[in-house]
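Shown below: structure-v7.pdb, with PDB, C-alpha atoms (C1' of nucleotides).
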ATOM      1  CA  MET A   1      15.817 -25.144 -25.945
ATOM      2  CA  THR A   2      12.922 -24.605 -28.269
ATOM      3  CA  PHE A   3      10.826 -22.444 -26.054
ATOM      4  CA  ASP A   4       9.273 -19.586 -27.929
ATOM      5  CA  LEU A   5       7.427 -16.721 -26.315
ATOM      6  CA  ARG A   6       4.648 -17.219 -28.807
ATOM      7  CA  ASP A   7       4.025 -20.618 -27.271
ATOM      8  CA  PHE A   8       3.868 -19.191 -23.797
ATOM      9  CA  MET A   9       0.218 -18.963 -22.961
ATOM     10  CA  PRO A  10       0.317 -15.969 -20.625
ATOM     11  CA  TYR A  11       2.155 -14.013 -23.291
ATOM     12  CA  LEU A  12      -0.263 -15.028 -25.988
ATOM     13  CA  LEU A  13      -3.222 -14.221 -23.796
ATOM     14  CA  ASN A  14      -1.864 -10.815 -22.941
ATOM     15  CA  GLN A  15      -1.143  -9.953 -26.544
ATOM     16  CA  ALA A  16      -4.589 -11.037 -27.609
ATOM     17  CA  ALA A  17      -6.212  -9.187 -24.723
ATOM     18  CA  ASP A  18      -4.328  -5.985 -25.496
ATOM     19  CA  ALA A  19      -5.136  -6.160 -29.182
ATOM     20  CA  SER A  20      -8.788  -6.859 -28.557
ATOM     21  CA  SER A  21      -9.198  -4.055 -26.039
ATOM     22  CA  ARG A  22      -7.444  -1.315 -27.897
ATOM     23  CA  ASP A  23     -10.124  -0.309 -30.358
ATOM     24  CA  PHE A  24     -13.046  -0.508 -28.026
ATOM     25  CA  GLN A  25     -11.109   1.387 -25.403
ATOM     26  CA  SER A  26     -10.461   4.220 -27.809
ATOM     27  CA  TYR A  27     -14.203   4.367 -28.441
ATOM     28  CA  TYR A  28     -15.343   4.974 -24.870
ATOM     29  CA  LYS A  29     -12.290   7.019 -24.085
ATOM     30  CA  GLY A  30     -12.712   9.240 -27.099
ATOM     31  CA  LYS A  31     -16.470   9.626 -26.885
ATOM     32  CA  TYR A  32     -16.989   9.823 -23.135
ATOM     33  CA  GLY A  33     -13.533  10.355 -21.653
ATOM     34  CA  MET A  34     -13.903   7.149 -19.693
ATOM     35  CA  LEU A  35     -11.268   4.823 -18.330
ATOM     36  CA  ARG A  36     -11.483   1.057 -18.469
ATOM     37  CA  THR A  37     -12.427   0.750 -14.815
ATOM     38  CA  GLU A  38     -15.150   3.340 -15.287
ATOM     39  CA  TRP A  39     -16.603   1.418 -18.207
ATOM     40  CA  ARG A  40     -16.579  -1.737 -16.146
ATOM     41  CA  VAL A  41     -18.332  -0.120 -13.199
ATOM     42  CA  LEU A  42     -20.849   1.526 -15.485
ATOM     43  CA  PHE A  43     -21.487  -1.800 -17.134
ATOM     44  CA  HIS A  44     -22.142  -3.592 -13.876
ATOM     45  CA  LEU A  45     -24.561  -0.931 -12.692
ATOM     46  CA  GLY A  46     -26.357  -0.903 -16.000
ATOM     47  CA  HIS A  47     -26.517  -4.637 -16.383
ATOM     48  CA  TYR A  48     -27.264  -5.822 -12.866
ATOM     49  CA  GLY A  49     -28.935  -2.691 -11.516
ATOM     50  CA  ALA A  50     -28.107  -0.477  -8.563
ATOM     51  CA  MET A  51     -25.725  -1.891  -5.999
ATOM     52  CA  THR A  52     -23.140  -0.787  -3.466
ATOM     53  CA  ALA A  53     -19.477  -0.257  -4.256
ATOM     54  CA  ARG A  54     -18.680  -3.370  -2.335
ATOM     55  CA  GLU A  55     -20.858  -5.451  -4.614
ATOM     56  CA  VAL A  56     -19.259  -3.908  -7.659
ATOM     57  CA  CYS A  57     -15.877  -4.936  -6.284
ATOM     58  CA  ALA A  58     -17.016  -8.498  -5.753
ATOM     59  CA  ARG A  59     -18.742  -8.899  -9.094
ATOM     60  CA  ALA A  60     -16.219  -7.099 -11.234
ATOM     61  CA  GLY A  61     -13.170  -8.396  -9.405
ATOM     62  CA  LEU A  62     -11.851  -4.892  -8.862
ATOM     63  CA  HIS A  63     -10.099  -3.463  -5.845
ATOM     64  CA  LYS A  64     -12.125  -1.035  -3.786
ATOM     65  CA  THR A  65      -9.795   1.891  -4.415
ATOM     66  CA  LYS A  66     -10.221   1.488  -8.149
ATOM     67  CA  VAL A  67     -13.975   1.355  -7.773
ATOM     68  CA  SER A  68     -13.968   4.322  -5.434
ATOM     69  CA  ARG A  69     -12.097   6.470  -7.892
ATOM     70  CA  ALA A  70     -14.112   5.238 -10.833
ATOM     71  CA  VAL A  71     -17.344   6.129  -9.047
ATOM     72  CA  THR A  72     -16.024   9.587  -8.238
ATOM     73  CA  ALA A  73     -15.213  10.086 -11.911
ATOM     74  CA  LEU A  74     -18.566   8.706 -13.062
ATOM     75  CA  GLU A  75     -20.353  10.964 -10.622
ATOM     76  CA  ALA A  76     -18.457  13.993 -11.915
ATOM     77  CA  LYS A  77     -19.631  13.061 -15.411
ATOM     78  CA  ARG A  78     -23.214  12.735 -14.087
ATOM     79  CA  PHE A  79     -23.426   9.103 -15.165
ATOM     80  CA  VAL A  80     -23.855   7.806 -11.652
ATOM     81  CA  ARG A  81     -25.593   9.045  -8.544
ATOM     82  CA  ARG A  82     -24.989   8.006  -4.946
ATOM     83  CA  GLU A  83     -27.723   7.261  -2.495
ATOM     84  CA  GLU A  84     -26.912   6.960   1.185
ATOM     85  CA  LEU A  85     -28.705   4.167   2.955
ATOM     86  CA  GLU A  86     -30.622   4.868   6.132
ATOM     87  CA  GLN A  87     -30.208   1.450   7.664
ATOM     88  CA  ASP A  88     -26.436   1.383   7.383
ATOM     89  CA  ARG A  89     -24.698   4.589   6.606
ATOM     90  CA  ARG A  90     -21.450   2.916   5.696
ATOM     91  CA  HIS A  91     -23.010   1.828   2.436
ATOM     92  CA  THR A  92     -24.019   3.971  -0.463
ATOM     93  CA  MET A  93     -26.170   2.595  -3.194
ATOM     94  CA  LEU A  94     -24.968   3.444  -6.674
ATOM     95  CA  HIS A  95     -27.460   4.178  -9.448
ATOM     96  CA  LEU A  96     -27.114   5.146 -13.056
ATOM     97  CA  THR A  97     -28.617   8.517 -13.909
ATOM     98  CA  PRO A  98     -30.834   8.653 -16.998
ATOM     99  CA  HIS A  99     -27.871  10.080 -18.824
ATOM    100  CA  GLY A 100     -25.657   7.298 -17.517
ATOM    101  CA  ALA A 101     -28.206   4.782 -18.684
ATOM    102  CA  ARG A 102     -28.098   6.215 -22.196
ATOM    103  CA  VAL A 103     -24.317   6.033 -22.219
ATOM    104  CA  PHE A 104     -24.528   2.467 -20.962
ATOM    105  CA  GLY A 105     -26.904   1.637 -23.794
ATOM    106  CA  ASP A 106     -24.622   3.147 -26.380
ATOM    107  CA  LEU A 107     -21.520   1.432 -25.057
ATOM    108  CA  THR A 108     -23.268  -1.883 -24.748
ATOM    109  CA  GLN A 109     -24.433  -1.741 -28.324
ATOM    110  CA  GLU A 110     -21.004  -0.771 -29.462
ATOM    111  CA  ALA A 111     -19.495  -3.584 -27.436
ATOM    112  CA  GLN A 112     -21.773  -6.078 -29.112
ATOM    113  CA  ARG A 113     -20.962  -4.769 -32.561
ATOM    114  CA  PHE A 114     -17.330  -4.859 -31.655
ATOM    115  CA  ASP A 115     -17.518  -8.389 -30.367
ATOM    116  CA  ALA A 116     -19.388  -9.567 -33.433
ATOM    117  CA  ALA A 117     -16.851  -7.999 -35.755
ATOM    118  CA  MET A 118     -13.995  -9.553 -33.892
ATOM    119  CA  LEU A 119     -15.512 -13.018 -33.977
ATOM    120  CA  ALA A 120     -16.814 -12.807 -37.525
ATOM    121  CA  GLU A 121     -14.019 -14.924 -38.907
ATOM    122  CA  PHE A 122     -14.562 -17.804 -36.512
ATOM    123  CA  THR A 123     -17.136 -20.569 -36.500
ATOM    124  CA  PRO A 124     -19.742 -20.827 -33.718
ATOM    125  CA  ALA A 125     -18.089 -24.041 -32.542
ATOM    126  CA  GLU A 126     -14.712 -22.383 -32.287
ATOM    127  CA  ILE A 127     -16.171 -19.450 -30.422
ATOM    128  CA  LYS A 128     -17.957 -21.693 -27.992
ATOM    129  CA  GLN A 129     -14.849 -23.670 -27.250
ATOM    130  CA  MET A 130     -12.831 -20.522 -26.939
ATOM    131  CA  ARG A 131     -15.180 -19.035 -24.381
ATOM    132  CA  ALA A 132     -15.093 -22.215 -22.361
ATOM    133  CA  PHE A 133     -11.331 -22.295 -22.449
ATOM    134  CA  LEU A 134     -10.942 -18.670 -21.427
ATOM    135  CA  SER A 135     -13.539 -18.873 -18.688
ATOM    136  CA  ARG A 136     -11.741 -21.814 -17.223
ATOM    137  CA  ILE A 137      -8.376 -20.080 -17.243
ATOM    138  CA  ALA A 138      -9.878 -16.901 -15.887
ATOM    139  CA  GLY A 139     -11.468 -18.916 -13.092
ATOM    140  CA  LEU A 140     -14.927 -17.531 -13.785
TER     141      LEU A 140
ATOM    142  CA  MET J 141     -30.822  -7.226 -24.455
ATOM    143  CA  THR J 142     -29.076 -10.098 -22.810
ATOM    144  CA  PHE J 143     -25.543  -8.946 -23.257
ATOM    145  CA  ASP J 144     -23.328 -10.254 -20.508
ATOM    146  CA  LEU J 145     -19.817  -9.081 -19.852
ATOM    147  CA  ARG J 146     -18.724 -12.685 -19.698
ATOM    148  CA  ASP J 147     -19.670 -12.999 -23.339
ATOM    149  CA  PHE J 148     -17.649  -9.984 -24.274
ATOM    150  CA  MET J 149     -14.434 -11.306 -25.708
ATOM    151  CA  PRO J 150     -12.108  -8.460 -24.723
ATOM    152  CA  TYR J 151     -13.281  -8.805 -21.136
ATOM    153  CA  LEU J 152     -12.838 -12.548 -21.130
ATOM    154  CA  LEU J 153      -9.427 -12.266 -22.693
ATOM    155  CA  ASN J 154      -8.317  -9.702 -20.169
ATOM    156  CA  GLN J 155      -9.531 -11.763 -17.245
ATOM    157  CA  ALA J 156      -7.810 -14.851 -18.546
ATOM    158  CA  ALA J 157      -4.628 -12.934 -19.301
ATOM    159  CA  ASP J 158      -4.546 -11.403 -15.830
ATOM    160  CA  ALA J 159      -5.171 -14.704 -14.129
ATOM    161  CA  SER J 160      -2.560 -16.507 -16.171
ATOM    162  CA  SER J 161       0.112 -13.869 -15.612
ATOM    163  CA  ARG J 162      -0.294 -13.403 -11.913
ATOM    164  CA  ASP J 163       1.577 -16.411 -10.625
ATOM    165  CA  PHE J 164       4.440 -16.294 -13.034
ATOM    166  CA  GLN J 165       4.795 -12.587 -12.493
ATOM    167  CA  SER J 166       5.138 -13.081  -8.773
ATOM    168  CA  TYR J 167       7.917 -15.564  -9.494
ATOM    169  CA  TYR J 168      10.223 -13.257 -11.424
ATOM    170  CA  LYS J 169       9.227 -10.280  -9.370
ATOM    171  CA  GLY J 170       9.865 -12.038  -6.089
ATOM    172  CA  LYS J 171      13.049 -13.798  -7.105
ATOM    173  CA  TYR J 172      14.712 -11.153  -9.280
ATOM    174  CA  GLY J 173      12.792  -7.959  -8.633
ATOM    175  CA  MET J 174      11.882  -7.770 -12.289
ATOM    176  CA  LEU J 175       8.971  -6.097 -13.992
ATOM    177  CA  ARG J 176       7.020  -7.609 -16.839
ATOM    178  CA  THR J 177       8.708  -5.471 -19.462
ATOM    179  CA  GLU J 178      12.107  -6.415 -18.083
ATOM    180  CA  TRP J 179      11.293 -10.096 -18.343
ATOM    181  CA  ARG J 180      10.160  -9.620 -21.900
ATOM    182  CA  VAL J 181      13.311  -7.775 -22.912
ATOM    183  CA  LEU J 182      15.474 -10.330 -21.150
ATOM    184  CA  PHE J 183      13.635 -13.073 -22.922
ATOM    185  CA  HIS J 184      14.132 -11.584 -26.348
ATOM    186  CA  LEU J 185      17.841 -11.077 -25.788
ATOM    187  CA  GLY J 186      18.231 -14.577 -24.434
ATOM    188  CA  HIS J 187      16.181 -16.244 -27.082
ATOM    189  CA  TYR J 188      17.160 -14.395 -30.228
ATOM    190  CA  GLY J 189      20.607 -13.186 -29.151
ATOM    191  CA  ALA J 190      22.100  -9.720 -28.921
ATOM    192  CA  MET J 191      20.244  -6.953 -30.697
ATOM    193  CA  THR J 192      19.635  -3.238 -30.502
ATOM    194  CA  ALA J 193      16.862  -1.642 -28.500
ATOM    195  CA  ARG J 194      15.107  -0.836 -31.722
ATOM    196  CA  GLU J 195      14.952  -4.481 -32.663
ATOM    197  CA  VAL J 196      13.635  -5.376 -29.246
ATOM    198  CA  CYS J 197      10.873  -2.846 -29.754
ATOM    199  CA  ALA J 198       9.945  -4.292 -33.108
ATOM    200  CA  ARG J 199      10.030  -7.931 -32.050
ATOM    201  CA  ALA J 200       8.419  -7.537 -28.661
ATOM    202  CA  GLY J 201       5.890  -4.943 -29.712
ATOM    203  CA  LEU J 202       6.986  -2.570 -26.985
ATOM    204  CA  HIS J 203       7.337   1.176 -27.080
ATOM    205  CA  LYS J 204      10.882   2.478 -27.049
ATOM    206  CA  THR J 205      10.493   4.284 -23.758
ATOM    207  CA  LYS J 206       9.459   1.069 -22.068
ATOM    208  CA  VAL J 207      12.411  -0.743 -23.530
ATOM    209  CA  SER J 208      14.751   2.083 -22.607
ATOM    210  CA  ARG J 209      13.668   1.943 -18.991
ATOM    211  CA  ALA J 210      13.717  -1.824 -18.879
ATOM    212  CA  VAL J 211      17.264  -1.899 -20.226
ATOM    213  CA  THR J 212      18.375   0.645 -17.656
ATOM    214  CA  ALA J 213      16.909  -1.545 -14.930
ATOM    215  CA  LEU J 214      18.393  -4.731 -16.361
ATOM    216  CA  GLU J 215      21.777  -3.054 -16.620
ATOM    217  CA  ALA J 216      21.584  -1.966 -12.987
ATOM    218  CA  LYS J 217      20.915  -5.594 -12.065
ATOM    219  CA  ARG J 218      23.914  -6.645 -14.200
ATOM    220  CA  PHE J 219      21.751  -8.838 -16.395
ATOM    221  CA  VAL J 220      22.443  -6.845 -19.534
ATOM    222  CA  ARG J 221      25.424  -4.985 -20.911
ATOM    223  CA  ARG J 222      25.465  -2.280 -23.554
ATOM    224  CA  GLU J 223      27.960  -2.151 -26.385
ATOM    225  CA  GLU J 224      28.264   0.997 -28.453
ATOM    226  CA  LEU J 225      28.658   0.376 -32.147
ATOM    227  CA  GLU J 226      31.503   2.037 -34.010
ATOM    228  CA  GLN J 227      29.775   2.243 -37.349
ATOM    229  CA  ASP J 228      26.700   4.018 -36.050
ATOM    230  CA  ARG J 229      26.855   5.505 -32.637
ATOM    231  CA  ARG J 230      23.135   5.990 -32.406
ATOM    232  CA  HIS J 231      22.739   2.273 -31.838
ATOM    233  CA  THR J 232      23.851   0.259 -28.895
ATOM    234  CA  MET J 233      23.937  -3.492 -29.050
ATOM    235  CA  LEU J 234      22.399  -5.193 -26.040
ATOM    236  CA  HIS J 235      23.897  -8.404 -24.676
ATOM    237  CA  LEU J 236      23.061 -10.626 -21.770
ATOM    238  CA  THR J 237      25.818 -10.938 -19.213
ATOM    239  CA  PRO J 238      26.665 -14.464 -18.031
ATOM    240  CA  HIS J 239      24.598 -13.731 -14.982
ATOM    241  CA  GLY J 240      21.744 -12.490 -17.133
ATOM    242  CA  ALA J 241      21.976 -15.662 -19.174
ATOM    243  CA  ARG J 242      21.612 -17.778 -16.055
ATOM    244  CA  VAL J 243      18.579 -15.780 -14.988
ATOM    245  CA  PHE J 244      17.155 -16.181 -18.465
ATOM    246  CA  GLY J 245      17.672 -19.919 -18.231
ATOM    247  CA  ASP J 246      15.950 -20.119 -14.903
ATOM    248  CA  LEU J 247      12.997 -18.002 -15.964
ATOM    249  CA  THR J 248      12.614 -19.877 -19.205
ATOM    250  CA  GLN J 249      12.494 -23.189 -17.413
ATOM    251  CA  GLU J 250      10.033 -21.838 -14.946
ATOM    252  CA  ALA J 251       7.925 -20.420 -17.756
ATOM    253  CA  GLN J 252       7.782 -23.820 -19.402
ATOM    254  CA  ARG J 253       6.821 -25.547 -16.193
ATOM    255  CA  PHE J 254       4.243 -22.901 -15.612
ATOM    256  CA  ASP J 255       2.822 -23.204 -19.079
ATOM    257  CA  ALA J 256       2.662 -26.971 -18.839
ATOM    258  CA  ALA J 257       0.862 -26.827 -15.511
ATOM    259  CA  MET J 258      -1.631 -24.353 -16.836
ATOM    260  CA  LEU J 259      -2.426 -26.424 -19.888
ATOM    261  CA  ALA J 260      -2.413 -29.766 -18.123
ATOM    262  CA  GLU J 261      -6.155 -29.963 -18.010
ATOM    263  CA  PHE J 262      -6.637 -29.416 -21.718
ATOM    264  CA  THR J 263      -6.212 -31.774 -24.641
ATOM    265  CA  PRO J 264      -3.514 -31.191 -27.272
ATOM    266  CA  ALA J 265      -6.213 -30.464 -29.834
ATOM    267  CA  GLU J 266      -7.780 -27.850 -27.636
ATOM    268  CA  ILE J 267      -4.434 -26.255 -26.977
ATOM    269  CA  LYS J 268      -3.577 -26.143 -30.617
ATOM    270  CA  GLN J 269      -6.845 -24.542 -31.510
ATOM    271  CA  MET J 270      -6.499 -22.112 -28.687
ATOM    272  CA  ARG J 271      -3.075 -20.984 -29.772
ATOM    273  CA  ALA J 272      -4.282 -20.477 -33.317
ATOM    274  CA  PHE J 273      -7.240 -18.476 -32.110
ATOM    275  CA  LEU J 274      -5.194 -16.255 -29.841
ATOM    276  CA  SER J 275      -2.448 -15.697 -32.380
ATOM    277  CA  ARG J 276      -4.996 -14.587 -34.891
ATOM    278  CA  ILE J 277      -6.629 -12.150 -32.518
ATOM    279  CA  ALA J 278      -3.284 -10.870 -31.339
ATOM    280  CA  GLY J 279      -2.328 -10.292 -34.949
ATOM    281  CA  LEU J 280       0.901 -12.255 -34.615
TER     282      LEU J 280
ATOM    283  C1'  DA N 281     -23.114   0.051  28.300
ATOM    284  C1'  DG N 282     -18.077  -0.085  26.750
ATOM    285  C1'  DG N 283     -14.314  -1.660  24.559
ATOM    286  C1'  DT N 284     -12.738  -4.339  20.503
ATOM    287  C1'  DA N 285     -13.160  -6.032  15.983
ATOM    288  C1'  DT N 286     -15.289  -5.617  11.254
ATOM    289  C1'  DT N 287     -16.813  -3.487   7.332
ATOM    290  C1'  DA N 288     -17.433   0.272   3.642
ATOM    291  C1'  DG N 289     -15.278   3.520   1.577
ATOM    292  C1'  DT N 290     -11.720   7.341   0.942
ATOM    293  C1'  DT N 291      -7.239   9.550   0.851
ATOM    294  C1'  DG N 292      -2.223   9.891   0.430
ATOM    295  C1'  DC N 293       1.986   8.208  -1.240
ATOM    296  C1'  DT N 294       4.778   5.395  -4.242
ATOM    297  C1'  DT N 295       5.503   2.853  -8.391
ATOM    298  C1'  DT N 296       4.571   2.229 -13.147
ATOM    299  C1'  DT N 297       2.909   3.625 -17.592
ATOM    300  C1'  DG N 298       1.932   6.915 -21.417
ATOM    301  C1'  DT N 299       3.010  10.874 -24.139
ATOM    302  C1'  DA N 300       5.657  14.277 -25.985
ATOM    303  C1'  DA N 301       9.598  16.847 -26.322
ATOM    304  C1'  DC N 302      14.519  16.647 -26.590
ATOM    305  C1'  DT N 303      19.540  15.138 -27.779
ATOM    306  C1'  DA N 304      22.732  13.072 -30.620
ATOM    307  C1'  DT N 305      24.026  10.833 -34.701
ATOM    308  C1'  DC N 306      23.703   9.829 -39.363
ATOM    309  C1'  DA N 307      21.630  10.196 -44.368
ATOM    310  C1'  DA N 308      20.412  12.735 -48.385
ATOM    311  C1'  DC N 309      20.108  16.174 -51.516
ATOM    312  C1'  DG N 310      20.959  20.724 -53.331
TER     313       DG N 310
ATOM    314  C1'  DC B 311      29.927  21.299 -47.465
ATOM    315  C1'  DG B 312      25.455  22.579 -45.161
ATOM    316  C1'  DT B 313      20.835  22.536 -44.364
ATOM    317  C1'  DT B 314      16.948  19.530 -43.868
ATOM    318  C1'  DG B 315      15.090  15.289 -42.502
ATOM    319  C1'  DA B 316      15.079  10.901 -40.453
ATOM    320  C1'  DT B 317      16.484   7.558 -36.718
ATOM    321  C1'  DA B 318      17.956   5.638 -31.964
ATOM    322  C1'  DG B 319      17.454   6.433 -27.652
ATOM    323  C1'  DT B 320      16.686   9.289 -23.265
ATOM    324  C1'  DT B 321      14.386  12.332 -20.260
ATOM    325  C1'  DA B 322      10.714  15.085 -18.240
ATOM    326  C1'  DC B 323       6.094  15.530 -17.085
ATOM    327  C1'  DA B 324       1.302  13.823 -16.590
ATOM    328  C1'  DA B 325      -1.985  10.066 -16.011
ATOM    329  C1'  DA B 326      -3.064   5.793 -13.838
ATOM    330  C1'  DA B 327      -2.453   1.719 -10.830
ATOM    331  C1'  DG B 328      -1.054  -0.430  -6.435
ATOM    332  C1'  DC B 329      -0.675  -0.425  -1.649
ATOM    333  C1'  DA B 330      -1.230   0.930   2.958
ATOM    334  C1'  DA B 331      -2.976   3.922   6.338
ATOM    335  C1'  DC B 332      -7.024   6.283   7.734
ATOM    336  C1'  DT B 333     -12.136   7.636   8.854
ATOM    337  C1'  DA B 334     -16.677   6.561   9.901
ATOM    338  C1'  DA B 335     -20.223   3.461  11.008
ATOM    339  C1'  DT B 336     -21.827  -0.881  12.810
ATOM    340  C1'  DA B 337     -21.509  -5.519  14.998
ATOM    341  C1'  DC B 338     -19.952  -8.395  18.631
ATOM    342  C1'  DC B 339     -18.853  -9.899  23.079
ATOM    343  C1'  DT B 340     -18.416  -9.691  28.027
TER     344       DT B 340
END
Mind converting the file's structure to structure tokens?
Amino acid sequence: MTFDLRDFMPYLLNQAADASSRDFQSYYKGKYGMLRTEWRVLFHLGHYGAMTAREVCARAGLHKTKVSRAVTALEAKRFVRREELEQDRRHTMLHLTPHGARVFGDLTQEAQRFDAAMLAEFTPAEIKQMRAFLSRIAGL
Amino acid sequence: MTFDLRDFMPYLLNQAADASSRDFQSYYKGKYGMLRTEWRVLFHLGHYGAMTAREVCARAGLHKTKVSRAVTALEAKRFVRREELEQDRRHTMLHLTPHGARVFGDLTQEAQRFDAAMLAEFTPAEIKQMRAFLSRIAGL
DNA sequence: AGGTATTAGTTGCTTTTGTAACTATCAACG
DNA sequence: CGTTGATAGTTACAAAAGCAACTAATACCT
């Protein structure tokens, strides 16, 4: 019985994921009081443009209640604005406000810096392989 | 600015970690009603032998409140038994019960099967590199 | 048209996690 | 000794996540 937790991939992945998220999380939490789900929603709106909550769910792989609450929080912070659609009033289109767009820009830059710092000690080949491996496991 | 979330390592790691945990989690949750922290504590006791809660915290990288609650739950399930130490009554040594040991055995086997299935589509070299990469990021 | 089924999104309730304060025991130093 | 400080562990309260029921609007089907 030579099974070690450190060889158990889900464990390893979770540890690595936790470690890698911690610092960046403290950045957007500390600076903007945002939660992880909020950052993800903000990112999707900033990166792909305005869309409905339903689309955010599909793209981000988040449950609709999480998105709903995140949008409420982002709206309270004036990062996001809702626009009701005439043609189908079940939908509401979600837009970043100018302020939200600035926050998105800041966080995106920070994310890139963060990513670069984290990967600095690895070779491009390693990084490429790593991304492929993770994408495959994540089913992306 | 072509920054994509899929290139952001913390995101990728989290997605992969979530995906990889889901199935195994549903196994121990469905079969034994256990939470992730409980499985981790059980594992450490089964793998490294009896130890105090403090040691579990240190080895597993868990906060003491999480461990405290997990132990309470594991004790209620009769998987773990507490033994107060004479020499220092602040500590309590944690042991698996015979039943707990059987559950540990089952979960460990399942974890190995699970791990093997997940890695089946990768080469040994890839796996090795992957483990090294993740360990380094996780700071293990 | 009129009833039924879908779809988008929200709200309420329960479970789980995080944080901080608290208890109890022991160590250390005057 | 005895006061102060550390340590192990628990508990209480607040934040967050998960799940299921609910509302409102539209589509479908006869």
Expected selection from the PyMOL selection byres ((chain N) within 12 of (chain A)), given as a ChimeraX atom specification: /N:286-291
Using all atoms listed in the file, the best pick from B:DA318, B:DA334, B:DC339, B:DC329 as closest to chain J would be B:DA318
Output the contact residues of chain A with respect to chain J at a cut-off of 8 Å, based on all atoms listed in the file, as a PyMOL selection string. chain A and resi 3-5+7-21+43+47+108+111-112+115+118+130-131+133-135+137-139
All file atoms of range 252-264 of chain J boxed axis-aligned, 6 Å per side, centre plus edges, as JSON:
{"center_x": 0.6, "center_y": -27.3, "center_z": -21.4, "size_x": 26.4, "size_y": 20.9, "size_z": 23.8}
What lies within 9 Å of Leu107 in chain A using only C-alpha atoms (C1' of nucleotides), ignoring chain neighbours under 3 positions off, as a compact mmCIF listing (two decimals) with C-alpha atoms, keeping the file's coordinate frame?
# COMPACT_ATOMS: atom_id res chain seq x y z
CA TYR A 27 -14.20 4.37 -28.44
CA TYR A 28 -15.34 4.97 -24.87
CA TRP A 39 -16.60 1.42 -18.21
CA PHE A 43 -21.49 -1.80 -17.13
CA ARG A 102 -28.10 6.22 -22.20
CA VAL A 103 -24.32 6.03 -22.22
CA PHE A 104 -24.53 2.47 -20.96
CA GLU A 110 -21.00 -0.77 -29.46
CA ALA A 111 -19.50 -3.58 -27.44
CA GLN A 112 -21.77 -6.08 -29.11
Closest of J:Lys206, J:His239, J:Arg199, J:Arg218 to chain B - atom-to-atom distances counting all atoms listed in the file: J:Lys206
Residues matched by the PyMOL selection byres ((chain B) within 10 of (chain A)) as a list in words: DA326, DA327, DG328, DC329, DA334, DA335 and DT336 of chain B
Using C-alpha atoms (C1' of nucleotides), can you export the residues from the last selection as a CSV table (one decimal), in the frame of the given file?
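Output below, filename selection_36.csv:
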chain,number,residue,atom,x,y,z
B,326,DA,C1',-3.1,5.8,-13.8
B,327,DA,C1',-2.5,1.7,-10.8
B,328,DG,C1',-1.1,-0.4,-6.4
B,329,DC,C1',-0.7,-0.4,-1.6
B,334,DA,C1',-16.7,6.6,9.9
B,335,DA,C1',-20.2,3.5,11.0
B,336,DT,C1',-21.8,-0.9,12.8
Just how far from CA of His235 in chain J is CA of Ala198 in chain J, in Å to one decimal?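 Between these atoms lies a distance of 16.8 Å.
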Point-to-point distance from C1' of DT299 in chain N to CA of Glu224 in chain J, Å rounded to tenths: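 Spanning C1' of DT299 in chain N to CA of Glu224 in chain J is a straight-line distance of 27.5 Å.
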Find the spatial neighbours of Phe219 in chain J, counting only C-alpha atoms (C1' of nucleotides), within a cut-off of 6 Å - ignore same-chain residues fewer than 4 positions away - and output them as a count of residues only. 6
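Between CA of Met191 in chain J and C1' of DC302 in chain N the interatomic distance comes to 24.6 Å.
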Need to verify the contact set: DC309 in chain N, 12 Å, only C-alpha atoms (C1' of nucleotides), exclusion of same-chain residues closer than 5 positions in sequence. Can you return it as a PyMOL selection string? chain B and resi 311-315
With distances taken over all atoms listed in the file, which of J:Leu225, J:Arg253, J:Leu234, J:Pro264 is nearest to Val211 in chain J?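 Closest to Val211 in chain J of all the choices is J:Leu234.
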List, as a PyMOL selection string, every residue that the PyMOL selection byres ((chain N and resi 303) around 10) selects in the file provided. (chain N and resi 302+304-305) or (chain B and resi 319-321)
N, CA and C atoms for range 54-62 of chain A, written as a PDB file, in the frame of the given file, could you do that?
ATOM      1  N   ARG A  54     -19.199  -2.079  -2.756  1.00  0.00           N
ATOM      2  CA  ARG A  54     -18.680  -3.370  -2.335  1.00  0.00           C
ATOM      3  C   ARG A  54     -19.118  -4.490  -3.281  1.00  0.00           C
ATOM      4  N   GLU A  55     -20.359  -4.444  -3.678  1.00  0.00           N
ATOM      5  CA  GLU A  55     -20.858  -5.451  -4.614  1.00  0.00           C
ATOM      6  C   GLU A  55     -20.194  -5.332  -5.978  1.00  0.00           C
ATOM      7  N   VAL A  56     -19.952  -4.100  -6.385  1.00  0.00           N
ATOM      8  CA  VAL A  56     -19.259  -3.908  -7.659  1.00  0.00           C
ATOM      9  C   VAL A  56     -17.881  -4.552  -7.587  1.00  0.00           C
ATOM     10  N   CYS A  57     -17.195  -4.328  -6.471  1.00  0.00           N
ATOM     11  CA  CYS A  57     -15.877  -4.936  -6.284  1.00  0.00           C
ATOM     12  C   CYS A  57     -15.956  -6.450  -6.459  1.00  0.00           C
ATOM     13  N   ALA A  58     -16.902  -7.045  -5.754  1.00  0.00           N
ATOM     14  CA  ALA A  58     -17.016  -8.498  -5.753  1.00  0.00           C
ATOM     15  C   ALA A  58     -17.346  -9.028  -7.147  1.00  0.00           C
ATOM     16  N   ARG A  59     -18.327  -8.411  -7.786  1.00  0.00           N
ATOM     17  CA  ARG A  59     -18.742  -8.899  -9.094  1.00  0.00           C
ATOM     18  C   ARG A  59     -17.698  -8.658 -10.163  1.00  0.00           C
ATOM     19  N   ALA A  60     -17.117  -7.477 -10.142  1.00  0.00           N
ATOM     20  CA  ALA A  60     -16.219  -7.099 -11.234  1.00  0.00           C
ATOM     21  C   ALA A  60     -14.791  -7.547 -10.970  1.00  0.00           C
ATOM     22  N   GLY A  61     -14.531  -7.989  -9.732  1.00  0.00           N
ATOM     23  CA  GLY A  61     -13.170  -8.396  -9.405  1.00  0.00           C
ATOM     24  C   GLY A  61     -12.206  -7.231  -9.406  1.00  0.00           C
ATOM     25  N   LEU A  62     -12.679  -6.094  -8.910  1.00  0.00           N
ATOM     26  CA  LEU A  62     -11.851  -4.892  -8.862  1.00  0.00           C
ATOM     27  C   LEU A  62     -11.574  -4.520  -7.420  1.00  0.00           C
TER      28      LEU A  62
END
